[in-house]
Each structure stands twice: as C-alpha cells, then as structure tokens.
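entry-v7.cif (mmCIF, C-alpha atoms) appears below.
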data_input
loop_
_atom_site.label_atom_id
_atom_site.label_comp_id
_atom_site.auth_asym_id
_atom_site.auth_seq_id
_atom_site.Cartn_x
_atom_site.Cartn_y
_atom_site.Cartn_z
CA MET A 884 23.28 10.23 -18.24
CA LYS A 885 26.94 9.79 -19.07
CA GLN A 886 27.35 7.93 -15.79
CA GLU A 887 24.45 5.65 -16.69
CA ILE A 888 25.96 4.79 -20.07
CA PHE A 889 29.32 4.12 -18.51
CA ALA A 890 27.67 1.93 -15.87
CA PHE A 891 25.82 0.05 -18.60
CA HIS A 892 29.10 -0.86 -20.32
CA ILE A 893 30.60 -1.95 -17.02
CA ARG A 894 27.52 -4.02 -16.33
CA GLN A 895 27.87 -5.81 -19.66
CA ALA A 896 31.50 -6.57 -18.91
CA LEU A 897 30.63 -7.85 -15.45
CA ASN A 898 27.89 -10.08 -16.83
CA GLU A 899 30.34 -11.47 -19.33
CA GLY A 900 32.84 -12.13 -16.58
CA ALA A 901 30.23 -13.83 -14.42
CA ALA A 902 29.20 -16.03 -17.33
CA HIS A 903 32.74 -17.41 -17.65
CA ILE A 904 33.42 -18.62 -14.15
CA ASP A 905 35.75 -21.60 -14.06
CA TYR A 906 34.24 -25.06 -13.84
CA LYS A 907 35.53 -25.77 -10.34
CA SER A 908 33.84 -22.67 -8.93
CA GLN A 909 30.62 -23.47 -10.78
CA LEU A 910 30.60 -26.92 -9.24
CA ARG A 911 31.19 -25.54 -5.76
CA LEU A 912 28.45 -22.99 -6.20
CA ALA A 913 26.02 -25.71 -7.24
CA LYS A 914 27.02 -27.77 -4.19
CA ALA A 915 26.62 -24.74 -1.95
CA ARG A 916 23.14 -24.20 -3.35
CA GLU A 917 22.19 -27.82 -2.75
CA ALA A 918 23.57 -27.68 0.79
CA ALA A 919 21.52 -24.56 1.47
CA LEU A 920 18.34 -26.08 0.04
CA ALA A 921 18.91 -29.23 2.09
CA ARG A 922 18.60 -27.08 5.21
CA LEU A 923 15.32 -25.66 4.06
CA LYS A 924 12.66 -26.13 6.69
CA PRO A 925 9.82 -28.39 5.54
CA SER A 926 6.74 -26.39 4.67
CA PRO A 927 4.03 -26.66 7.31
CA ARG A 928 1.16 -29.02 6.42
CA PRO A 929 -2.22 -27.38 5.89
CA GLN A 930 -4.23 -27.52 9.09
CA THR A 931 -7.84 -28.65 9.32
CA ILE A 932 -10.09 -25.80 10.28
CA SER A 933 -13.12 -26.65 12.41
CA VAL A 934 -16.03 -24.23 12.38
CA ARG A 935 -18.63 -24.22 15.14
CA VAL A 936 -22.16 -23.72 13.92
CA PRO A 937 -24.39 -21.61 16.17
CA THR A 938 -27.11 -23.61 17.89
CA LEU A 939 -29.96 -21.46 16.64
CA GLN A 940 -28.95 -21.54 12.99
CA LEU A 941 -31.77 -22.81 10.81
CA GLY A 942 -30.07 -25.75 9.16
CA THR A 943 -31.61 -25.98 5.71
CA ALA A 944 -32.41 -22.32 5.21
CA ALA A 945 -28.94 -21.06 6.09
CA GLY A 946 -27.09 -23.56 3.95
CA PRO A 947 -25.23 -26.77 4.67
CA SER A 948 -24.04 -27.39 8.17
CA LEU A 949 -20.20 -27.32 8.57
CA GLY A 950 -20.02 -28.74 12.04
CA SER A 951 -20.17 -32.28 13.25
CA ALA A 952 -23.84 -32.03 14.27
CA PRO A 953 -26.14 -34.91 13.44
CA GLU A 954 -28.48 -34.17 10.55
CA GLY A 955 -31.53 -36.17 11.74
CA GLY A 956 -35.11 -34.88 11.96
CA LEU A 957 -34.95 -34.74 15.76
CA TRP A 958 -31.99 -32.39 15.62
CA ARG A 959 -33.81 -30.10 13.19
CA TRP A 960 -36.88 -30.17 15.43
CA LEU A 961 -34.77 -29.27 18.46
CA ARG A 962 -33.14 -26.39 16.62
CA GLY A 963 -36.59 -25.15 15.53
CA ALA A 964 -37.83 -25.49 19.11
CA GLY A 965 -34.79 -23.56 20.30
CA LEU A 966 -35.83 -20.64 18.13
CA ALA A 967 -39.58 -20.87 18.95
CA ALA A 968 -39.28 -21.32 22.74
CA PRO A 969 -38.41 -17.70 23.58
CA LEU A 970 -41.25 -16.47 21.37
CA ILE A 971 -43.73 -18.76 23.14
CA VAL A 972 -42.48 -17.64 26.55
CA LEU A 973 -42.86 -14.00 25.49
CA VAL A 974 -46.48 -14.43 24.27
CA VAL A 975 -47.49 -16.41 27.37
CA GLY A 976 -45.90 -13.72 29.54
CA PHE A 977 -47.87 -10.94 27.81
CA ILE A 978 -51.13 -12.88 28.20
CA GLY A 979 -50.39 -13.50 31.90
CA ILE A 980 -49.66 -9.82 32.55
CA TYR A 981 -52.87 -8.83 30.74
CA GLN A 982 -54.95 -11.29 32.82
CA TRP A 983 -53.37 -10.13 36.07
CA GLN A 984 -54.09 -6.49 35.19
CA GLN A 985 -57.73 -7.35 34.42
CA MET A 986 -58.11 -9.17 37.76
CA ARG A 987 -56.68 -6.18 39.63
CA SER A 988 -59.06 -3.81 37.86
CA ILE A 989 -62.10 -5.97 38.61
CA GLU A 990 -61.06 -6.34 42.23
CA ALA A 991 -60.62 -2.58 42.63
CA LEU A 992 -64.04 -1.88 41.15
CA ALA A 993 -65.63 -4.52 43.39
CA ASN A 994 -64.05 -2.99 46.47
CA MET A 995 -65.30 0.40 45.46
CA ASP A 996 -68.86 -0.87 44.80
CA PHE A 997 -68.84 -2.64 48.13
CA ALA A 998 -67.74 0.55 49.91
CA VAL A 999 -70.51 2.56 48.23
CA LEU A 1000 -73.16 -0.03 49.10
CA MET A 1001 -72.04 -0.23 52.72
CA ASP A 1002 -72.04 3.59 52.82
CA GLU A 1003 -68.48 3.61 53.98
CA THR A 1004 -67.33 5.97 51.26
CA PRO A 1005 -66.03 9.29 52.65
CA VAL A 1006 -68.02 12.39 51.65
CA GLU A 1007 -65.00 13.99 49.92
CA THR A 1008 -64.93 11.09 47.53
CA TYR A 1009 -68.17 12.21 45.92
CA ALA A 1010 -66.58 15.59 45.19
CA ASP A 1011 -63.85 13.93 43.15
CA ARG A 1012 -64.43 14.14 39.39
CA ALA A 1013 -62.72 10.84 38.72
CA PHE A 1014 -65.05 9.07 41.12
CA SER A 1015 -68.05 10.62 39.34
CA ALA A 1016 -66.64 9.48 36.03
CA VAL A 1017 -66.20 5.94 37.37
CA LEU A 1018 -69.75 5.90 38.65
CA ALA A 1019 -71.08 7.25 35.34
CA GLY A 1020 -69.12 4.58 33.44
CA ASP A 1021 -70.28 1.93 35.78
CA THR A 1022 -73.95 2.89 35.39
CA GLY A 1023 -73.47 3.32 31.63
CA SER A 1024 -72.07 -0.16 31.27
CA ASN A 1025 -74.94 -1.59 33.28
CA MET B 552 6.20 -17.67 1.24
CA ALA B 553 8.79 -18.69 -1.35
CA THR B 554 8.53 -22.28 -2.51
CA ARG B 555 11.52 -24.59 -2.75
CA GLU B 556 11.53 -24.17 -6.53
CA GLU B 557 11.42 -20.38 -6.28
CA LEU B 558 14.26 -20.40 -3.77
CA SER B 559 16.32 -22.77 -5.89
CA GLY B 560 15.73 -20.69 -9.01
CA PHE B 561 16.61 -17.51 -7.18
CA LEU B 562 19.88 -18.92 -5.81
CA ALA B 563 20.82 -20.35 -9.21
CA GLY B 564 20.22 -16.97 -10.81
CA VAL B 565 22.14 -14.96 -8.26
CA GLU B 566 25.01 -17.23 -7.27
CA ARG B 567 27.48 -16.18 -9.98
CA ARG B 568 27.06 -12.48 -9.36
CA ALA B 569 27.29 -13.10 -5.63
CA PHE B 570 30.49 -15.07 -6.12
CA LYS B 571 32.00 -12.33 -8.26
CA GLN B 572 31.06 -9.67 -5.72
CA ALA B 573 32.68 -11.70 -2.98
CA VAL B 574 35.80 -12.22 -5.12
CA PHE B 575 36.03 -8.48 -5.76
CA ALA B 576 35.83 -7.89 -2.03
CA VAL B 577 38.07 -10.60 -0.57
CA ARG B 578 40.21 -11.32 -3.64
CA ASP B 579 40.29 -15.02 -3.01
CA SER B 580 38.09 -17.58 -4.77
CA ASP B 581 37.98 -20.09 -1.92
CA HIS B 582 37.02 -17.50 0.69
CA ALA B 583 34.49 -16.04 -1.73
CA LEU B 584 32.88 -19.44 -2.24
CA ASP B 585 32.68 -19.96 1.53
CA ILE B 586 31.04 -16.57 1.94
CA VAL B 587 28.47 -17.27 -0.76
CA GLN B 588 27.68 -20.66 0.76
CA ASP B 589 27.21 -19.12 4.21
CA ALA B 590 24.91 -16.48 2.75
CA MET B 591 22.84 -19.12 0.93
CA ILE B 592 22.48 -21.22 4.07
CA LYS B 593 21.49 -18.24 6.19
CA LEU B 594 18.88 -17.26 3.62
CA THR B 595 17.28 -20.70 3.47
CA GLU B 596 17.47 -21.31 7.21
CA ASN B 597 16.14 -17.97 8.38
CA TYR B 598 14.21 -16.33 5.57
CA SER B 599 12.63 -19.11 3.53
CA ASP B 600 9.21 -18.08 4.87
CA ARG B 601 9.48 -14.66 3.18
CA PRO B 602 7.82 -13.89 -0.16
CA ALA B 603 9.95 -14.48 -3.24
CA ALA B 604 9.94 -10.76 -4.06
CA GLU B 605 11.86 -9.99 -0.87
CA LEU B 606 14.65 -12.49 -1.53
CA PRO B 607 17.00 -10.31 -3.64
CA LEU B 608 17.30 -7.56 -1.04
CA LEU B 609 17.54 -10.04 1.82
CA PHE B 610 20.22 -12.09 0.12
CA THR B 611 22.20 -8.98 -0.75
CA ARG B 612 22.16 -7.85 2.87
CA ILE B 613 23.19 -11.28 4.08
CA LEU B 614 26.00 -11.43 1.52
CA GLN B 615 27.30 -7.98 2.43
CA ASN B 616 27.17 -8.86 6.12
CA ALA B 617 29.03 -12.10 5.42
CA ILE B 618 31.75 -10.13 3.61
CA HIS B 619 31.97 -7.65 6.50
CA ASP B 620 32.17 -10.54 8.97
CA PHE B 621 35.02 -12.00 6.95
CA PHE B 622 36.99 -8.78 7.24
CA ARG B 623 36.26 -8.51 10.95
CA ARG B 624 37.52 -12.05 11.50
CA GLN B 625 40.59 -11.20 9.45
CA LYS B 626 41.17 -8.15 11.61
CA VAL B 627 40.82 -10.13 14.85
CA ARG B 628 43.16 -12.78 13.49
CA SER B 629 45.74 -10.21 12.45
CA THR B 630 45.42 -8.53 15.86
CA TRP B 631 46.33 -11.78 17.61
CA VAL B 632 49.15 -12.40 15.19
CA THR B 633 50.42 -8.89 15.88
CA LEU B 634 50.21 -9.41 19.62
CA PHE B 635 52.24 -12.58 19.53
CA SER B 636 54.66 -11.42 16.90
CA ALA B 637 57.87 -9.66 17.76
CA PHE B 638 57.67 -7.95 14.41
CA GLY B 639 54.14 -6.63 14.87
CA ASN B 640 53.44 -3.04 13.90
CA PRO B 641 52.35 -1.07 17.01
CA ASP B 642 50.78 1.69 14.92
CA ASP B 643 47.68 -0.26 13.89
CA GLU B 644 44.57 1.87 13.85
CA ASP B 645 41.17 0.93 15.18
CA GLY B 646 37.89 1.42 13.38
CA ASP B 647 35.91 -0.23 10.66
CA PRO B 648 38.25 -2.47 8.72
CA LEU B 649 36.37 -1.69 5.54
CA GLU B 650 37.49 1.89 5.76
CA HIS B 651 41.12 0.79 5.79
CA ILE B 652 41.12 -1.57 2.87
CA GLU B 653 43.54 -0.04 0.49
CA ALA B 654 43.64 -0.86 -3.13
CA VAL B 655 46.34 -3.32 -4.00
CA ALA B 656 49.00 -1.35 -5.76
CA GLY B 657 49.21 -3.27 -8.96
CA SER B 658 51.29 -2.37 -11.91
CA LEU B 659 49.39 0.04 -14.07
CA GLU B 660 51.09 -0.55 -17.30
CA ALA B 661 48.91 1.27 -19.72
CA GLU B 662 47.76 -0.65 -22.68
CA SER B 663 48.40 0.93 -26.01
CA ALA B 664 44.75 0.85 -27.06
CA ALA B 665 41.54 -0.95 -26.14
CA ASP B 666 41.12 -2.34 -29.60
CA GLN B 667 44.45 -4.18 -29.33
CA VAL B 668 43.33 -6.44 -26.55
CA SER B 669 40.79 -9.14 -26.70
CA ARG B 670 37.37 -8.85 -25.15
CA GLU B 671 38.32 -11.23 -22.34
CA GLN B 672 41.26 -9.07 -21.42
CA VAL B 673 39.06 -5.98 -21.27
CA VAL B 674 36.63 -7.77 -18.98
CA HIS B 675 39.52 -8.94 -16.83
CA ILE B 676 40.91 -5.44 -16.55
CA ILE B 677 37.51 -4.03 -15.63
CA GLU B 678 37.15 -6.67 -12.92
CA GLU B 679 40.60 -5.84 -11.61
CA GLU B 680 39.81 -2.16 -11.42
CA ILE B 681 36.49 -2.81 -9.70
CA ALA B 682 38.31 -4.92 -7.15
CA ARG B 683 40.66 -2.00 -6.53
CA LEU B 684 37.86 0.41 -5.67
CA PRO B 685 37.37 1.23 -1.98
CA ALA B 686 34.98 -1.28 -0.42
CA ARG B 687 31.99 0.99 0.12
CA GLN B 688 32.26 2.55 -3.33
CA ARG B 689 32.47 -0.87 -4.95
CA GLU B 690 29.56 -2.13 -2.92
CA ALA B 691 27.35 0.81 -3.87
CA PHE B 692 28.39 0.69 -7.51
CA LEU B 693 27.71 -3.04 -7.90
CA LEU B 694 24.38 -2.98 -6.10
CA ARG B 695 23.20 0.05 -8.00
CA TYR B 696 24.39 -0.79 -11.50
CA TRP B 697 24.86 -4.55 -11.53
CA GLU B 698 22.16 -5.80 -9.18
CA ASP B 699 19.92 -3.03 -10.56
CA PHE B 700 18.77 -1.83 -7.13
CA ASP B 701 17.39 1.66 -6.90
CA VAL B 702 18.97 4.21 -4.56
CA ALA B 703 16.63 3.42 -1.65
CA GLU B 704 17.18 -0.34 -1.93
CA THR B 705 20.93 0.13 -2.17
CA ALA B 706 20.86 2.34 0.92
CA ALA B 707 18.80 -0.29 2.78
CA ALA B 708 21.20 -3.06 1.75
CA MET B 709 24.25 -1.05 2.75
CA GLY B 710 22.75 0.38 5.91
CA CYS B 711 23.49 4.00 4.98
CA SER B 712 21.65 7.06 3.69
CA GLU B 713 20.55 7.56 0.10
CA GLY B 714 22.85 10.56 -0.14
CA SER B 715 25.81 8.37 0.77
CA VAL B 716 24.83 5.89 -1.92
CA LYS B 717 24.79 8.63 -4.55
CA THR B 718 28.15 9.92 -3.38
CA HIS B 719 29.71 6.45 -3.37
CA CYS B 720 28.32 5.68 -6.83
CA SER B 721 29.56 8.94 -8.30
CA ARG B 722 33.04 8.55 -6.83
CA ALA B 723 33.21 4.91 -7.94
CA THR B 724 32.21 5.81 -11.48
CA HIS B 725 34.80 8.58 -11.75
CA ALA B 726 37.54 6.47 -10.19
CA LEU B 727 36.75 3.54 -12.45
CA ALA B 728 36.63 5.67 -15.58
CA ARG B 729 39.96 7.29 -14.66
CA ALA B 730 41.62 3.93 -13.94
CA LEU B 731 40.34 2.35 -17.14
CA ARG B 732 41.44 5.36 -19.17
CA ALA B 733 44.89 5.02 -17.68
CA ARG B 734 44.97 1.45 -18.95
CA GLY B 735 43.90 2.47 -22.41
CA ILE B 736 40.23 1.48 -22.17
CA THR B 737 37.56 3.98 -23.07
CA LEU B 738 33.93 2.95 -22.70
#
Would you mind writing the structure in this file as structure tokens?
Amino acid sequence: MKQEIFAFHIRQALNEGAAHIDYKSQLRLAKAREAALARLKPSPRPQTISVRVPTLQLGTAAGPSLGSAPEGGLWRWLRGAGLAAPLIVLVVGFIGIYQWQQMRSIEALANMDFAVLMDETPVETYADRAFSAVLAGDTGSN
Amino acid sequence: MATREELSGFLAGVERRAFKQAVFAVRDSDHALDIVQDAMIKLTENYSDRPAAELPLLFTRILQNAIHDFFRRQKVRSTWVTLFSAFGNPDDEDGDPLEHIEAVAGSLEAESAADQVSREQVVHIIEEEIARLPARQREAFLLRYWEDFDVAETAAAMGCSEGSVKTHCSRATHALARALRARGITL
C-alpha cells in the first residue's frame, strides 16, 4: 500500500513533467505523428458479396431472390416444374411397378389354369396346401 | 480494426509519455524523438489493422524494442570504435547492454528541504532519479505505475515473468525513495 501511494506521487510528478515538454519537442512529436499516419495503409473498400440462390427455392414463398435470376413468370414456372418433376416421376414409377406386378400375377394364374386344363399338373401339386388354397380362391372368385 | 481517427487520437495521447520514457532511457532528446517516431511508424505500418484496445500494449512493446535496438546499435558502434582505437579498453564485457547501463554518477547535493524548492524543481529531480534507475527497473516501474499496466501486461511488454516484474518494481520503488530522500524530498 505504501508502495502504491509512493508510486501515485511519482506518477503525478511524471504527468506534470510530461505536460511541460518544450515547444520544439512538441512540434517534432506532432510531425512524427503525422509522418506515421501518412504511412497508414488505406482501409480496404467493402467488397460486394454475391449469393447464389438454389435452383429449387420457391421464389415468392421463401422471400426475395438475391441472385441475378430473371423474375419473369416463365422462370417461376420452371422453378415450380423443377420441384414437381421428381414427384411426378415417383408416382408414375409406382403406378408402373403396380401394373407390372398385376400382369405377372395374371400371367402366372393363366399358366396354372392352362396346366390344370391340359392335365399336365404333377400329382404332388394337388397335395400342396397352397395350390388347394389357390384353387379355392379361384373358384370362389368365379 | 482501429480507424485513422482512433490511431491519431491514441498517438496524440501517448506521445509525450513515450518521449519522456525514451528520454529517461537514452538521456538525449533528439535520440528519444527519433525512437518515438520509429515506434509510431512501425505501429501504423504493421499493426493498424489491430483493434484499438490492443494499441497501448503493442505500442509499448514497439517502443521498448526501439530503445533496446538503440542501445544495441550504440554497443556495435562503440565496439568498432574500440577496435580501431589505440586507446580502446580491452576489458569490455559481452552480454545484454541493458544490464551494463550504469547510473550516471551525478552530484547528489542534498537539498535542505522539499518545501524550499519549487514544484518544477521537484519534478525535475524525480525525473533525474528515474533516469538513474537501472534500465529494467525503470522500465517495469514506468509501465506499471505510469502507463497503468497490470503485472501480466507489464510482463508481456517486457518479455519477462510476472515475478520479475514485481521484483523490478519493488527494487525501483525502494531505490527511488532512497535517492529522493537523500535529496531532501519525501513523498
């Protein structure tokens, strides 16, 4: 604490001494400061930031577009189509798979009926429970 | 990043203390002004992109390094002079020149009493005694108690441990108090 008080008095004396620097030195210090500031690098100019907007972004719903994309109706239609196209492909694909499965099932049943009618069905087949079930279903549906 | 105005304001606020510190160290106004100018230029050229809050510590480090460089140049110069001089002293020691800066043995005519001298004289005597302190002690004392750095900042600026800063400050305070008392000044 004593050291702090002593240092405080010294500090006051030093501040007083620094406040009374001779004029010549003051002038040179000011010149030195100006010379230093003259060498200051110019601050970099703010750069333009370009943001790419994703193709599938829904223009009006997601807010204003920041890119350089045209804002016409055709562009909006294309972006809408871009989102809908995969969905359409998916639905058409499911329908196609369903149809193909149906065709295979019908064809298998037809082959089996044909084999029964031609009496080409092996005897062991009649012992199979699944075959009986198929025949029962077939007669039931008829 | 510090703006030009912030940098200018900072330099204007710190230049007098920096000049005084350099004068205490090199004891020559012209050399001190050169050192301060070099430090200012280095700060603006190399560290102007730093935040304004970092400037005091950076400038202090640059200033202290500039003072150390001055002494190193002096030592190199004196070495060459010694080599080419028939009267050179062959017993010169190597090492950090700052460790070998001895206080100028001035006349210590004690004043009769502090209240008999004017305030300007007291300030002048205090400055003289600070200039007589060993370099590292003076550096630590001024950074800690004049620049108002804490122990860690002072250690960072001086490139030494916090323990060394405390030791230097304590020794400087005692030496200064003893010297001022001998000249009739009691604070």
Test item: the PyMOL selection byres ((chain B) within 9 of (chain A)) resolved as a VMD selection string: chain B and resid 554 to 555 558 to 559 562 to 563 566 to 568 570 to 571 580 to 581 584 to 585 587 to 597 599 to 600 670 to 671 673 to 675 677 to 678 692 to 693 696 to 697 721 724 to 725 728 738
Atom CA of B:Glu680 and atom CA of B:Ala730, how far apart in Å?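 Separation between atom CA of B:Ala730 and atom CA of B:Glu680: 6.8 Å.
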Written as a ChimeraX atom specification, which residues does the PyMOL selection byres ((chain B and resi 702-719) around 12) give for the file shown? /A:886 /B:605-616,618-619,684-701,720-727
For the selection just defined, write its residues with C-alpha atoms to a file, as a PDB file, keeping the file's coordinate frame.
ATOM      1  CA  GLN A 886      27.350   7.930 -15.790  1.00  0.00           C
TER       2      GLN A 886
ATOM      3  CA  GLU B 605      11.860  -9.990  -0.870  1.00  0.00           C
ATOM      4  CA  LEU B 606      14.650 -12.490  -1.530  1.00  0.00           C
ATOM      5  CA  PRO B 607      17.000 -10.310  -3.640  1.00  0.00           C
ATOM      6  CA  LEU B 608      17.300  -7.560  -1.040  1.00  0.00           C
ATOM      7  CA  LEU B 609      17.540 -10.040   1.820  1.00  0.00           C
ATOM      8  CA  PHE B 610      20.220 -12.090   0.120  1.00  0.00           C
ATOM      9  CA  THR B 611      22.200  -8.980  -0.750  1.00  0.00           C
ATOM     10  CA  ARG B 612      22.160  -7.850   2.870  1.00  0.00           C
ATOM     11  CA  ILE B 613      23.190 -11.280   4.080  1.00  0.00           C
ATOM     12  CA  LEU B 614      26.000 -11.430   1.520  1.00  0.00           C
ATOM     13  CA  GLN B 615      27.300  -7.980   2.430  1.00  0.00           C
ATOM     14  CA  ASN B 616      27.170  -8.860   6.120  1.00  0.00           C
ATOM     15  CA  ILE B 618      31.750 -10.130   3.610  1.00  0.00           C
ATOM     16  CA  HIS B 619      31.970  -7.650   6.500  1.00  0.00           C
ATOM     17  CA  LEU B 684      37.860   0.410  -5.670  1.00  0.00           C
ATOM     18  CA  PRO B 685      37.370   1.230  -1.980  1.00  0.00           C
ATOM     19  CA  ALA B 686      34.980  -1.280  -0.420  1.00  0.00           C
ATOM     20  CA  ARG B 687      31.990   0.990   0.120  1.00  0.00           C
ATOM     21  CA  GLN B 688      32.260   2.550  -3.330  1.00  0.00           C
ATOM     22  CA  ARG B 689      32.470  -0.870  -4.950  1.00  0.00           C
ATOM     23  CA  GLU B 690      29.560  -2.130  -2.920  1.00  0.00           C
ATOM     24  CA  ALA B 691      27.350   0.810  -3.870  1.00  0.00           C
ATOM     25  CA  PHE B 692      28.390   0.690  -7.510  1.00  0.00           C
ATOM     26  CA  LEU B 693      27.710  -3.040  -7.900  1.00  0.00           C
ATOM     27  CA  LEU B 694      24.380  -2.980  -6.100  1.00  0.00           C
ATOM     28  CA  ARG B 695      23.200   0.050  -8.000  1.00  0.00           C
ATOM     29  CA  TYR B 696      24.390  -0.790 -11.500  1.00  0.00           C
ATOM     30  CA  TRP B 697      24.860  -4.550 -11.530  1.00  0.00           C
ATOM     31  CA  GLU B 698      22.160  -5.800  -9.180  1.00  0.00           C
ATOM     32  CA  ASP B 699      19.920  -3.030 -10.560  1.00  0.00           C
ATOM     33  CA  PHE B 700      18.770  -1.830  -7.130  1.00  0.00           C
ATOM     34  CA  ASP B 701      17.390   1.660  -6.900  1.00  0.00           C
ATOM     35  CA  CYS B 720      28.320   5.680  -6.830  1.00  0.00           C
ATOM     36  CA  SER B 721      29.560   8.940  -8.300  1.00  0.00           C
ATOM     37  CA  ARG B 722      33.040   8.550  -6.830  1.00  0.00           C
ATOM     38  CA  ALA B 723      33.210   4.910  -7.940  1.00  0.00           C
ATOM     39  CA  THR B 724      32.210   5.810 -11.480  1.00  0.00           C
ATOM     40  CA  HIS B 725      34.800   8.580 -11.750  1.00  0.00           C
ATOM     41  CA  ALA B 726      37.540   6.470 -10.190  1.00  0.00           C
ATOM     42  CA  LEU B 727      36.750   3.540 -12.450  1.00  0.00           C
TER      43      LEU B 727
END
What is the distance, in Å and to one decimal place, between atom CA of B:His582 and atom CA of A:Lys907?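 Calculated distance between atom CA of B:His582 and atom CA of A:Lys907 is 13.9 Å.
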Enter the distance from atom CA of A:Ala1016 to atom CA of A:Glu1003, in Å, rounded to one decimal. 19.0 Å
